[in-house]
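Visitor: Coordinates in protein_39.cif, mmCIF, C-alpha atoms and all ligand atoms, are listed below.
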```cif
data_query
#
loop_
_atom_site.label_atom_id
_atom_site.label_comp_id
_atom_site.auth_asym_id
_atom_site.auth_seq_id
_atom_site.Cartn_x
_atom_site.Cartn_y
_atom_site.Cartn_z
CA MET A 1 -25.47 -0.15 20.52
CA LEU A 2 -21.76 -0.28 21.25
CA ASP A 3 -20.52 0.11 24.77
CA ILE A 4 -18.11 3.06 24.67
CA ASP A 5 -17.22 5.13 27.72
CA GLU A 6 -18.95 8.52 27.82
CA LYS A 7 -15.70 10.38 28.60
CA LEU A 8 -14.06 8.85 25.56
CA LEU A 9 -16.98 9.92 23.37
CA GLN A 10 -16.61 13.49 24.65
CA LEU A 11 -12.88 13.44 24.00
CA SER A 12 -13.49 12.14 20.48
CA LYS A 13 -15.86 15.02 19.78
CA SER A 14 -13.26 17.59 20.75
CA VAL A 15 -10.57 15.77 18.75
CA LEU A 16 -12.80 15.78 15.67
CA GLY A 17 -13.39 19.50 16.12
CA GLU A 18 -9.66 20.14 15.84
CA LEU A 19 -9.02 18.09 12.71
CA ASN A 20 -8.93 19.47 9.22
CA PHE A 21 -9.47 17.12 6.30
CA ASP A 22 -9.47 19.74 3.53
CA GLU A 23 -6.26 18.59 1.86
CA ILE A 24 -7.20 14.90 1.99
CA ASP A 25 -10.67 15.67 0.63
CA GLU A 26 -9.29 17.73 -2.23
CA ILE A 27 -6.98 14.86 -3.19
CA ALA A 28 -9.94 12.45 -3.22
CA LEU A 29 -11.93 14.81 -5.45
CA HIS A 30 -9.03 15.09 -7.87
CA ASN A 31 -8.50 11.33 -7.99
CA GLN A 32 -12.20 10.61 -8.41
CA GLU A 33 -12.23 12.86 -11.46
CA LYS A 34 -9.13 11.12 -12.82
CA VAL A 35 -10.70 7.66 -12.48
CA LEU A 36 -14.05 8.77 -13.91
CA CYS A 37 -12.42 10.40 -16.94
CA ALA A 38 -10.30 7.28 -17.62
CA MET A 39 -13.44 5.11 -17.61
CA GLN A 40 -15.25 7.47 -19.96
CA ARG A 41 -12.29 7.96 -22.30
CA ASN A 42 -11.89 4.20 -22.68
CA ARG A 43 -15.62 3.79 -23.36
CA LEU A 44 -16.20 1.34 -20.52
CA SER A 45 -19.45 -0.50 -21.13
CA ALA A 46 -21.50 -3.23 -19.44
CA THR A 47 -20.30 -5.78 -22.05
CA HIS A 48 -16.83 -5.48 -20.52
CA PHE A 49 -18.17 -7.29 -17.46
CA ASN A 50 -18.90 -10.45 -19.44
CA TYR A 51 -17.47 -13.82 -18.47
CA SER A 52 -14.38 -15.05 -20.25
CA SER A 53 -12.86 -18.53 -20.05
CA GLY A 54 -9.95 -20.77 -20.92
CA TYR A 55 -6.83 -18.99 -22.15
CA GLY A 56 -8.63 -15.69 -22.17
CA TYR A 57 -7.63 -14.64 -25.68
CA ASN A 58 -9.39 -11.43 -26.79
CA ASP A 59 -10.77 -10.80 -23.32
CA SER A 60 -12.02 -7.28 -24.03
CA GLY A 61 -12.99 -6.67 -20.40
CA ARG A 62 -9.44 -7.40 -19.26
CA ASP A 63 -8.00 -5.23 -22.03
CA VAL A 64 -10.14 -2.22 -21.19
CA LEU A 65 -9.44 -2.69 -17.47
CA GLU A 66 -5.72 -2.47 -18.23
CA GLN A 67 -6.13 0.55 -20.50
CA ILE A 68 -8.08 2.33 -17.78
CA TYR A 69 -5.39 1.56 -15.21
CA ALA A 70 -2.66 2.75 -17.60
CA ASP A 71 -4.64 5.96 -18.12
CA VAL A 72 -5.24 6.61 -14.41
CA PHE A 73 -1.51 6.20 -13.75
CA SER A 74 -0.41 8.21 -16.84
CA ALA A 75 1.52 5.19 -18.08
CA GLU A 76 2.09 3.45 -21.40
CA ASP A 77 0.80 0.07 -20.32
CA ALA A 78 -0.61 -1.94 -17.43
CA LEU A 79 -0.85 -5.57 -16.35
CA VAL A 80 -3.79 -5.89 -13.95
CA ARG A 81 -4.64 -9.49 -13.20
CA PRO A 82 -6.40 -11.77 -10.74
CA GLN A 83 -3.61 -14.26 -11.59
CA ILE A 84 -1.20 -11.94 -9.76
CA ILE A 85 -1.69 -13.27 -6.22
CA SER A 86 -0.54 -10.28 -4.19
CA GLY A 87 1.57 -7.16 -4.07
CA THR A 88 4.57 -9.34 -3.39
CA HIS A 89 3.86 -11.41 -6.51
CA ALA A 90 3.45 -8.25 -8.62
CA LEU A 91 6.81 -6.98 -7.37
CA PHE A 92 8.33 -10.41 -7.98
CA ILE A 93 7.42 -10.44 -11.69
CA ALA A 94 8.41 -6.77 -12.08
CA LEU A 95 11.84 -7.57 -10.63
CA THR A 96 12.56 -10.97 -12.15
CA GLY A 97 11.15 -9.93 -15.54
CA ASN A 98 13.52 -6.99 -15.78
CA LEU A 99 16.73 -8.16 -14.13
CA LYS A 100 19.29 -10.63 -15.42
CA SER A 101 22.32 -12.28 -13.89
CA GLY A 102 25.10 -9.70 -13.57
CA ASP A 103 22.71 -6.73 -13.23
CA GLU A 104 22.76 -4.58 -10.11
CA LEU A 105 19.61 -3.67 -8.15
CA ILE A 106 19.98 -0.69 -5.80
CA PHE A 107 17.30 -0.50 -3.11
CA VAL A 108 17.32 3.10 -1.89
CA THR A 109 14.87 3.11 1.05
CA GLY A 110 16.75 1.00 3.60
CA THR A 111 15.60 -2.45 4.69
CA PRO A 112 12.87 -3.76 2.35
CA TYR A 113 9.43 -4.97 3.47
CA ASP A 114 9.69 -8.53 4.84
CA THR A 115 8.31 -10.38 1.82
CA LEU A 116 10.62 -8.38 -0.45
CA GLN A 117 13.59 -9.63 1.56
CA THR A 118 12.45 -13.15 0.70
CA ILE A 119 12.39 -12.27 -3.00
CA ILE A 120 15.66 -10.39 -3.03
CA PHE A 121 17.99 -12.40 -0.80
CA ASN A 122 16.18 -14.81 1.46
CA SER A 123 14.93 -17.76 -0.57
CA PRO A 124 16.38 -20.55 -2.73
CA GLN A 125 15.05 -18.67 -5.78
CA SER A 126 16.10 -15.20 -4.62
CA LEU A 127 17.50 -12.56 -6.98
CA VAL A 128 20.86 -12.77 -5.27
CA SER A 129 21.04 -16.55 -5.68
CA SER A 130 20.42 -16.06 -9.42
CA GLY A 131 23.45 -13.83 -9.79
CA ILE A 132 21.89 -10.39 -9.39
CA LYS A 133 23.95 -7.95 -7.37
CA TYR A 134 22.02 -6.32 -4.52
CA THR A 135 22.99 -2.99 -2.98
CA GLN A 136 21.01 -1.35 -0.20
CA VAL A 137 21.23 2.34 0.62
CA GLU A 138 19.69 3.66 3.86
CA LEU A 139 17.62 6.84 4.00
CA THR A 140 19.21 9.79 5.78
CA SER A 141 18.19 10.46 9.39
CA SER A 142 15.63 12.98 8.12
CA GLY A 143 14.05 10.39 5.78
CA GLN A 144 15.58 11.74 2.56
CA PHE A 145 17.33 9.81 -0.20
CA ASP A 146 21.07 9.57 0.43
CA PHE A 147 22.06 10.65 -3.07
CA GLU A 148 25.78 10.65 -2.29
CA ASN A 149 25.66 6.92 -1.66
CA ILE A 150 23.45 6.00 -4.60
CA ASN A 151 26.23 4.97 -6.90
CA ILE A 152 24.82 4.42 -10.40
CA ASN A 153 27.38 2.51 -12.44
CA GLU A 154 27.71 0.37 -15.58
CA GLN A 155 26.24 -2.66 -13.84
CA THR A 156 23.22 -0.85 -12.38
CA ARG A 157 20.00 -1.92 -14.08
CA MET A 158 17.37 -0.93 -11.55
CA VAL A 159 16.82 1.49 -8.68
CA MET A 160 13.97 0.50 -6.38
CA VAL A 161 11.96 2.63 -3.95
CA GLN A 162 9.50 1.46 -1.32
CA ARG A 163 6.99 4.31 -1.06
CA SER A 164 5.22 3.20 2.12
CA CYS A 165 6.96 2.87 5.47
CA GLY A 166 5.68 -0.73 5.71
CA TYR A 167 6.37 -1.85 9.26
CA SER A 168 9.17 0.57 10.02
CA LEU A 169 9.16 3.92 11.77
CA ARG A 170 10.08 6.21 8.93
CA PRO A 171 8.02 8.63 6.87
CA ALA A 172 6.49 7.47 3.59
CA ILE A 173 8.35 8.66 0.50
CA SER A 174 6.41 11.52 -1.09
CA ILE A 175 5.82 11.93 -4.81
CA SER A 176 8.05 15.00 -4.83
CA GLN A 177 10.89 12.94 -3.33
CA ILE A 178 10.31 10.26 -5.98
CA LYS A 179 10.58 12.97 -8.64
CA GLN A 180 13.93 14.10 -7.23
CA LEU A 181 15.17 10.53 -7.33
CA VAL A 182 13.98 9.92 -10.90
CA ASP A 183 15.66 13.14 -12.03
CA TYR A 184 18.88 12.14 -10.30
CA VAL A 185 18.93 8.61 -11.72
CA LYS A 186 18.07 9.73 -15.26
CA THR A 187 20.85 12.32 -15.37
CA LYS A 188 23.29 9.52 -14.46
CA SER A 189 21.88 7.01 -16.93
CA GLN A 190 18.82 6.77 -19.17
CA ASN A 191 19.04 2.98 -19.10
CA VAL A 192 18.37 2.47 -15.42
CA ILE A 193 14.81 1.44 -14.54
CA VAL A 194 13.19 3.16 -11.55
CA LEU A 195 10.76 0.70 -9.91
CA VAL A 196 8.45 1.86 -7.12
CA ASP A 197 6.74 -0.49 -4.65
CA ASN A 198 3.50 1.49 -4.62
CA CYS A 199 1.65 -0.60 -1.98
CA TYR A 200 -0.47 1.58 0.35
CA GLY A 201 0.44 4.70 -1.63
CA GLU A 202 -2.16 4.80 -4.42
CA PHE A 203 -4.51 7.81 -4.36
CA THR A 204 -2.98 9.29 -1.20
CA GLU A 205 -1.61 12.13 -3.35
CA LYS A 206 -2.79 13.77 -6.57
CA LEU A 207 0.08 12.31 -8.57
CA GLU A 208 1.47 8.79 -8.73
CA PRO A 209 5.13 7.78 -9.20
CA THR A 210 4.51 7.20 -12.94
CA ASP A 211 3.35 10.83 -13.27
CA VAL A 212 6.82 11.99 -12.26
CA GLY A 213 8.87 9.64 -14.41
CA ALA A 214 9.06 6.31 -12.55
CA ASP A 215 9.38 3.56 -15.18
CA LEU A 216 7.47 0.88 -13.33
CA ILE A 217 5.20 0.55 -10.29
CA ALA A 218 3.63 -2.50 -8.70
CA GLY A 219 1.05 -3.11 -6.02
CA SER A 220 -1.86 -5.12 -4.66
CA LEU A 221 -5.53 -4.87 -5.56
CA ILE A 222 -6.64 -5.82 -2.05
CA LYS A 223 -5.07 -2.64 -0.77
CA ASN A 224 -5.85 0.90 -2.00
CA CYS A 225 -6.57 0.33 -5.71
CA GLY A 226 -9.28 -2.26 -5.28
CA GLY A 227 -11.35 0.14 -3.22
CA GLY A 228 -12.20 -2.72 -0.84
CA LEU A 229 -14.29 -4.48 -3.50
CA ALA A 230 -11.54 -6.37 -5.35
CA SER A 231 -11.36 -9.95 -4.08
CA SER A 232 -7.80 -10.56 -5.34
CA GLY A 233 -5.15 -9.43 -7.77
CA GLY A 234 -2.15 -7.23 -8.35
CA TYR A 235 -0.77 -4.80 -10.91
CA VAL A 236 2.40 -3.83 -12.72
CA ILE A 237 2.17 -0.50 -14.57
CA GLY A 238 4.65 1.58 -16.55
CA ARG A 239 6.66 1.50 -19.74
CA THR A 240 5.44 -1.03 -22.32
CA GLU A 241 8.72 -2.92 -22.56
CA PHE A 242 9.04 -3.43 -18.80
CA VAL A 243 5.36 -4.29 -18.28
CA ASN A 244 5.66 -6.86 -21.07
CA ASN A 245 8.73 -8.36 -19.44
CA ALA A 246 6.76 -8.80 -16.22
CA ALA A 247 3.91 -10.41 -18.21
CA TYR A 248 6.35 -12.95 -19.69
CA LYS A 249 7.35 -13.92 -16.15
CA LEU A 250 3.69 -14.32 -15.22
CA THR A 251 2.44 -16.35 -18.20
CA GLY A 252 5.55 -17.44 -20.11
CA ILE A 253 4.14 -16.01 -23.34
CA GLY A 254 3.20 -12.42 -22.56
CA LYS A 255 0.12 -10.30 -22.00
CA ASP A 256 -2.39 -11.79 -24.44
CA ILE A 257 -3.56 -14.63 -22.24
CA GLY A 258 -5.12 -14.87 -18.79
CA PRO A 259 -8.90 -14.56 -18.43
CA CYS A 260 -10.24 -11.92 -16.07
CA ASN A 261 -13.61 -12.90 -14.70
CA ILE A 262 -13.71 -10.21 -12.06
CA THR A 263 -13.51 -7.11 -14.26
CA HIS A 264 -16.77 -5.94 -12.72
CA GLU A 265 -15.53 -5.90 -9.13
CA LEU A 266 -12.08 -4.61 -10.12
CA LEU A 267 -13.54 -1.64 -12.02
CA HIS A 268 -16.27 -1.03 -9.46
CA GLY A 269 -13.53 -1.08 -6.81
CA LEU A 270 -11.24 1.24 -8.78
CA PHE A 271 -14.14 3.65 -9.18
CA ILE A 272 -14.66 3.97 -5.43
CA ALA A 273 -10.96 3.65 -4.50
CA PRO A 274 -10.36 7.42 -4.14
CA GLN A 275 -13.23 7.51 -1.61
CA THR A 276 -12.04 4.37 0.22
CA VAL A 277 -8.51 5.77 0.48
CA ASN A 278 -10.04 9.00 1.79
CA SER A 279 -11.77 7.00 4.55
CA ALA A 280 -8.51 5.24 5.37
CA LEU A 281 -6.56 8.52 5.48
CA ARG A 282 -9.18 10.24 7.64
CA THR A 283 -9.11 7.27 10.01
CA SER A 284 -5.31 7.42 10.27
CA VAL A 285 -5.34 11.17 10.93
CA TYR A 286 -8.04 10.72 13.56
CA ALA A 287 -6.12 7.85 15.19
CA ALA A 288 -2.97 10.00 15.30
CA LYS A 289 -4.75 12.86 17.04
CA LEU A 290 -6.88 10.75 19.40
CA PHE A 291 -3.99 8.64 20.66
CA SER A 292 -1.62 11.58 21.00
CA VAL A 293 -4.24 13.37 23.12
CA LEU A 294 -4.45 10.16 25.17
CA GLY A 295 -0.69 10.47 25.79
CA TYR A 296 0.82 8.04 23.28
CA GLU A 297 3.49 8.78 20.71
CA VAL A 298 2.15 8.49 17.20
CA TYR A 299 3.83 8.35 13.82
CA PRO A 300 3.16 10.22 11.59
CA LYS A 301 1.50 13.09 13.45
CA HIS A 302 -2.03 14.14 12.51
CA ASN A 303 -1.05 17.32 10.69
CA VAL A 304 1.69 16.21 8.30
CA HIS A 305 1.64 15.42 4.58
CA ARG A 306 0.98 11.72 3.93
CA SER A 307 1.97 9.45 1.06
CA ASP A 308 0.60 6.17 2.44
CA ILE A 309 -2.29 5.06 4.64
CA VAL A 310 -0.29 3.49 7.50
CA GLN A 311 -0.51 4.91 11.04
CA SER A 312 1.62 3.71 13.90
CA ILE A 313 0.99 4.21 17.60
CA ASN A 314 3.51 3.48 20.32
CA LEU A 315 1.39 1.81 23.00
CA GLN A 316 4.31 1.40 25.44
CA THR A 317 3.42 -2.03 26.85
CA GLN A 318 2.73 -5.54 25.61
CA ASP A 319 -0.55 -5.52 27.50
CA ASN A 320 -1.72 -2.38 25.66
CA LEU A 321 -0.75 -3.84 22.28
CA ILE A 322 -2.76 -6.97 22.87
CA LYS A 323 -5.76 -5.02 24.19
CA PHE A 324 -5.65 -2.66 21.20
CA CYS A 325 -5.55 -5.50 18.67
CA ARG A 326 -8.36 -7.32 20.50
CA GLY A 327 -10.35 -4.10 20.31
CA VAL A 328 -9.70 -3.84 16.57
CA GLN A 329 -10.87 -7.41 16.07
CA LYS A 330 -13.98 -6.76 18.19
CA ALA A 331 -14.73 -3.73 16.01
CA GLY A 332 -14.79 -5.54 12.66
CA PRO A 333 -17.85 -6.70 10.73
CA ILE A 334 -16.43 -10.25 10.32
CA ASP A 335 -15.16 -12.57 13.08
CA SER A 336 -15.79 -9.94 15.75
CA TYR A 337 -16.27 -12.69 18.35
CA VAL A 338 -12.75 -14.06 17.77
CA THR A 339 -9.93 -13.21 20.19
CA PRO A 340 -6.61 -12.69 18.38
CA GLU A 341 -3.50 -14.18 19.98
CA ALA A 342 0.16 -13.39 19.40
CA PHE A 343 1.96 -16.11 17.44
CA ALA A 344 5.30 -16.86 15.81
CA MET A 345 5.39 -16.18 12.06
CA PRO A 346 8.05 -17.29 9.58
CA GLY A 347 10.40 -14.45 8.76
CA TYR A 348 9.87 -12.53 12.01
CA ASP A 349 12.16 -12.52 15.02
CA CYS A 350 9.33 -12.21 17.57
CA ASP A 351 5.65 -13.04 18.04
CA ILE A 352 3.14 -11.05 15.98
CA ILE A 353 -0.45 -10.16 16.78
CA MET A 354 -2.82 -9.41 13.92
CA ALA A 355 -6.37 -8.16 13.93
CA ALA A 356 -8.54 -8.02 10.85
CA GLY A 357 -12.26 -8.64 10.65
CA THR A 358 -12.31 -8.24 6.89
CA PHE A 359 -14.62 -9.23 4.03
CA VAL A 360 -11.60 -10.14 1.87
CA GLN A 361 -9.02 -12.31 3.58
CA GLY A 362 -5.95 -10.30 4.50
CA SER A 363 -7.28 -7.13 2.92
CA SER A 364 -5.58 -4.23 4.61
CA ILE A 365 -7.59 -1.45 2.97
CA GLU A 366 -10.20 -2.69 5.45
CA PHE A 367 -9.67 -1.58 9.06
CA SER A 368 -6.88 -3.77 10.41
CA ALA A 369 -3.88 -3.70 12.72
CA ASP A 370 -0.68 -5.68 13.29
CA ALA A 371 1.98 -5.48 15.93
CA PRO A 372 5.28 -7.24 16.57
CA ILE A 373 5.33 -8.09 20.30
CA LYS A 374 8.59 -6.37 21.19
CA PRO A 375 9.74 -2.95 22.37
CA PRO A 376 8.87 -0.19 21.60
CA TYR A 377 5.43 -1.91 21.41
CA THR A 378 4.22 -0.15 18.31
CA VAL A 379 1.00 -1.07 16.55
CA PHE A 380 0.61 -0.43 12.81
CA LEU A 381 -2.90 0.21 11.67
CA GLN A 382 -4.38 0.92 8.30
CA GLY A 383 -7.55 1.07 6.30
CA ALA A 384 -11.26 1.58 6.84
CA LEU A 385 -13.86 0.96 4.18
CA THR A 386 -15.87 3.83 5.57
CA TRP A 387 -14.79 6.81 7.64
CA GLN A 388 -17.69 6.16 10.00
CA HIS A 389 -16.47 2.64 10.68
CA GLY A 390 -12.94 3.98 11.16
CA GLN A 391 -14.17 6.24 13.97
CA ILE A 392 -16.27 3.59 15.68
CA ALA A 393 -13.52 0.98 15.45
CA LEU A 394 -10.88 3.28 16.93
CA LEU A 395 -13.14 4.18 19.83
CA ILE A 396 -13.67 0.48 20.56
CA ALA A 397 -9.91 -0.12 20.42
CA ALA A 398 -9.20 2.91 22.65
CA ASN A 399 -11.88 1.76 25.07
CA GLU A 400 -10.15 -1.64 25.36
CA VAL A 401 -6.75 -0.05 25.98
CA LEU A 402 -7.99 2.46 28.54
CA GLY A 403 -10.47 0.15 30.29
CA GLN A 404 -10.63 1.09 33.97
CA LYS A 405 -8.29 4.03 33.49
CA LEU A 406 -11.04 6.26 32.08
C1 LIG B 1 1.67 -5.00 1.56
C2 LIG B 1 2.98 -4.59 1.07
C3 LIG B 1 3.74 -5.40 0.23
C4 LIG B 1 3.33 -6.80 -0.14
O1 LIG B 1 2.04 -6.92 -0.57
P1 LIG B 1 1.20 -8.25 -0.28
O2 LIG B 1 0.00 -8.01 -1.11
O3 LIG B 1 0.90 -8.30 1.17
O4 LIG B 1 2.01 -9.39 -0.75
C5 LIG B 1 4.95 -4.93 -0.22
N1 LIG B 1 5.39 -3.71 0.13
C6 LIG B 1 4.70 -2.92 0.95
C7 LIG B 1 5.24 -1.57 1.31
C8 LIG B 1 3.46 -3.32 1.44
O5 LIG B 1 2.77 -2.51 2.24
#
```
Would you mind giving the structure from this file in structure tokens?
Ligand SMILES: *Cc1c(COP(=O)(O)O)cnc(C)c1O
Guide:
Amino acid sequence: MLDIDEKLLQLSKSVLGELNFDEIDEIALHNQEKVLCAMQRNRLSATHFNYSSGYGYNDSGRDVLEQIYADVFSAEDALVRPQIISGTHALFIALTGNLKSGDELIFVTGTPYDTLQTIIFNSPQSLVSSGIKYTQVELTSSGQFDFENININEQTRMVMVQRSCGYSLRPAISISQIKQLVDYVKTKSQNVIVLVDNCYGEFTEKLEPTDVGADLIAGSLIKNCGGGLASSGGYVIGRTEFVNNAAYKLTGIGKDIGPCNITHELLHGLFIAPQTVNSALRTSVYAAKLFSVLGYEVYPKHNVHRSDIVQSINLQTQDNLIKFCRGVQKAGPIDSYVTPEAFAMPGYDCDIIMAAGTFVQGSSIEFSADAPIKPPYTVFLQGALTWQHGQIALLIAANEVLGQKL
């Protein structure tokens, strides 16, 4: 069995006794029902798991997969494809498919996630280099939208929200905040598209951005929606016209082509996704409480409303960060014997350490952690395929950090 200090095990027991998962569990129950009903309503059958090849015309498995996704997200249409490489790629086709030279994109949640910066202004093929105007509005100090500075004008074509905090220390944007924003934008102009980067947010609340009027959402299937079973893929969901525009960017000729040979794992994954997200949320809440009892600052705290699965812990020193990430790696089912090292990554201004012993490469719905090696020495962790593994893995990581100090 695993070698975890007895005092830490005792502490964990008392921490668990103080946690309440009722709200998270009720959300999972609601979302499970939603997914089940969508599968039944669309008459999902075993024939939809058949192999398709070539161009993928009349791929009925792919078509029903997309109808089910559209249904789950209360949307007109969905593009759910293994040919979409990642969340970044899904966002890329949602953006480039719906913006033209001369249009303005207003990003209303401060600095975008790193790979989004590449898409928007930091590559030879960026939106800005193709003549799209980019305006960024920061959140207020209390994490609210700064409506006074969101200036919708003739040129504005799209307002974009990043729901998850990503790797920044701000709260996730809740569905009720997204509703406020949609209402605000739509009273100014009906023609402006509201796009939400939904990565890490799916199934953390009862409603999704499309339930409250967002026109388009995009995300990754190797995060929340794939339930840990999807081996690749991404989605763009929302109004038919805008989903179609994204599909033209993906295939050149729209939605009717593109074989999906992994409908089985994508639908199996979607079916268990509410449960997987529940495990991830429980793990984050537990991490918040455990590490705050151990004397570290955590963000968000264990008892606040969540709209993404990310948990950050301020570990105060470089040494602690490295020990924590080595503990996370040691706690995974895959590559547990590997020792992660900090390294320089393109697009970052400091070394990064990453730990992920995952079945699917880079899948961050599986228990994983990353940390930029710079003050304030914060680690970002997310995921857990099972709540039991989440607990065990955090105890191993805490044991590494505390070491002799116990
Ligand atoms: C993960 C993530 C992305 C990018 O998704 P990839 O699948 O890693 O390309 C974009 N935005 C946010 C908020 C994310 O968490």
Visitor: Which residues sit within 6 Å of ligand LIG 1 (chain B), counting all atoms listed in the file, listed as a PyMOL selection string?
Guide: chain A and resi 86-88+113+162+164+166+197+199-200+220
Visitor: Of the residues A:Val338, A:Ala331, A:Val285, A:Val159, which is the one nearest to Val192 in chain A, using only C-alpha atoms?
Guide: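 Nearest to Val192 in chain A: A:Val159.
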Visitor: Just give me the gap between CA of Ala398 in chain A and CA of Ile322 in chain A in Å, one decimal is fine.
Guide: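 CA of Ala398 in chain A sits 11.8 Å away from CA of Ile322 in chain A.
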Visitor: Out of A:Arg81, A:Lys179, A:Lys330, A:Arg163, which residue has the shortest atom-to-atom distance to Thr210 in chain A when counting all atoms listed in the file?
Guide: A:Lys179
Visitor: Is there a way to get, as a PyMOL selection string, all residues within 12 Å of the point (-1.6, -1.1, 13.2) in file coordinates, counting all atoms listed in the file?
Guide: chain A and resi 166-169+283-284+287-288+298-299+309-315+321-322+324-329+352-356+364-372+377-384+394+397
Visitor: For Asp77 in chain A, which residue among A:Asp183, A:Glu18, A:Glu241, A:Glu154 is the nearest when counting all atoms listed in the file?
Guide: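 Nearest to Asp77 in chain A: A:Glu241.
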Visitor: Need the axis-aligned box for range 360-368 of chain A with 5 Å each side, so what are the centre and edges in Å to one decimal, as lines of an AutoDock Vina configuration file?
Guide:
```
center_x = -8.6
center_y = -6.9
center_z = 6.1
size_x = 16.0
size_y = 20.9
size_z = 18.5
```
Visitor: Within 8 Å of (-15.3, 4.6, 28.2) (coordinates as in the file), grab all the protein and nucleic acid residues, counting all atoms listed in the file, and write them out as a PyMOL selection string.
Guide: chain A and resi 3-9+399+402-403+406
Visitor: Could you jot down the CA of Asn31 in chain A to CA of Leu270 in chain A separation for me, Å, one decimal place?
Guide: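 These atoms are spaced 10.5 Å apart.
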Visitor: Suppose you want the space between CA of Thr240 in chain A and CA of Leu207 in chain A; what is it in Å?
Guide: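 About the pair CA of Thr240 in chain A and CA of Leu207 in chain A: they are 19.9 Å apart.
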Visitor: With all atoms listed in the file as the atoms that count, which of A:Leu385, A:Val182, A:Ile262, A:Val72 lies nearest to Ala280 in chain A?
Guide: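 Selected residue with least distance to Ala280 in chain A: A:Leu385.
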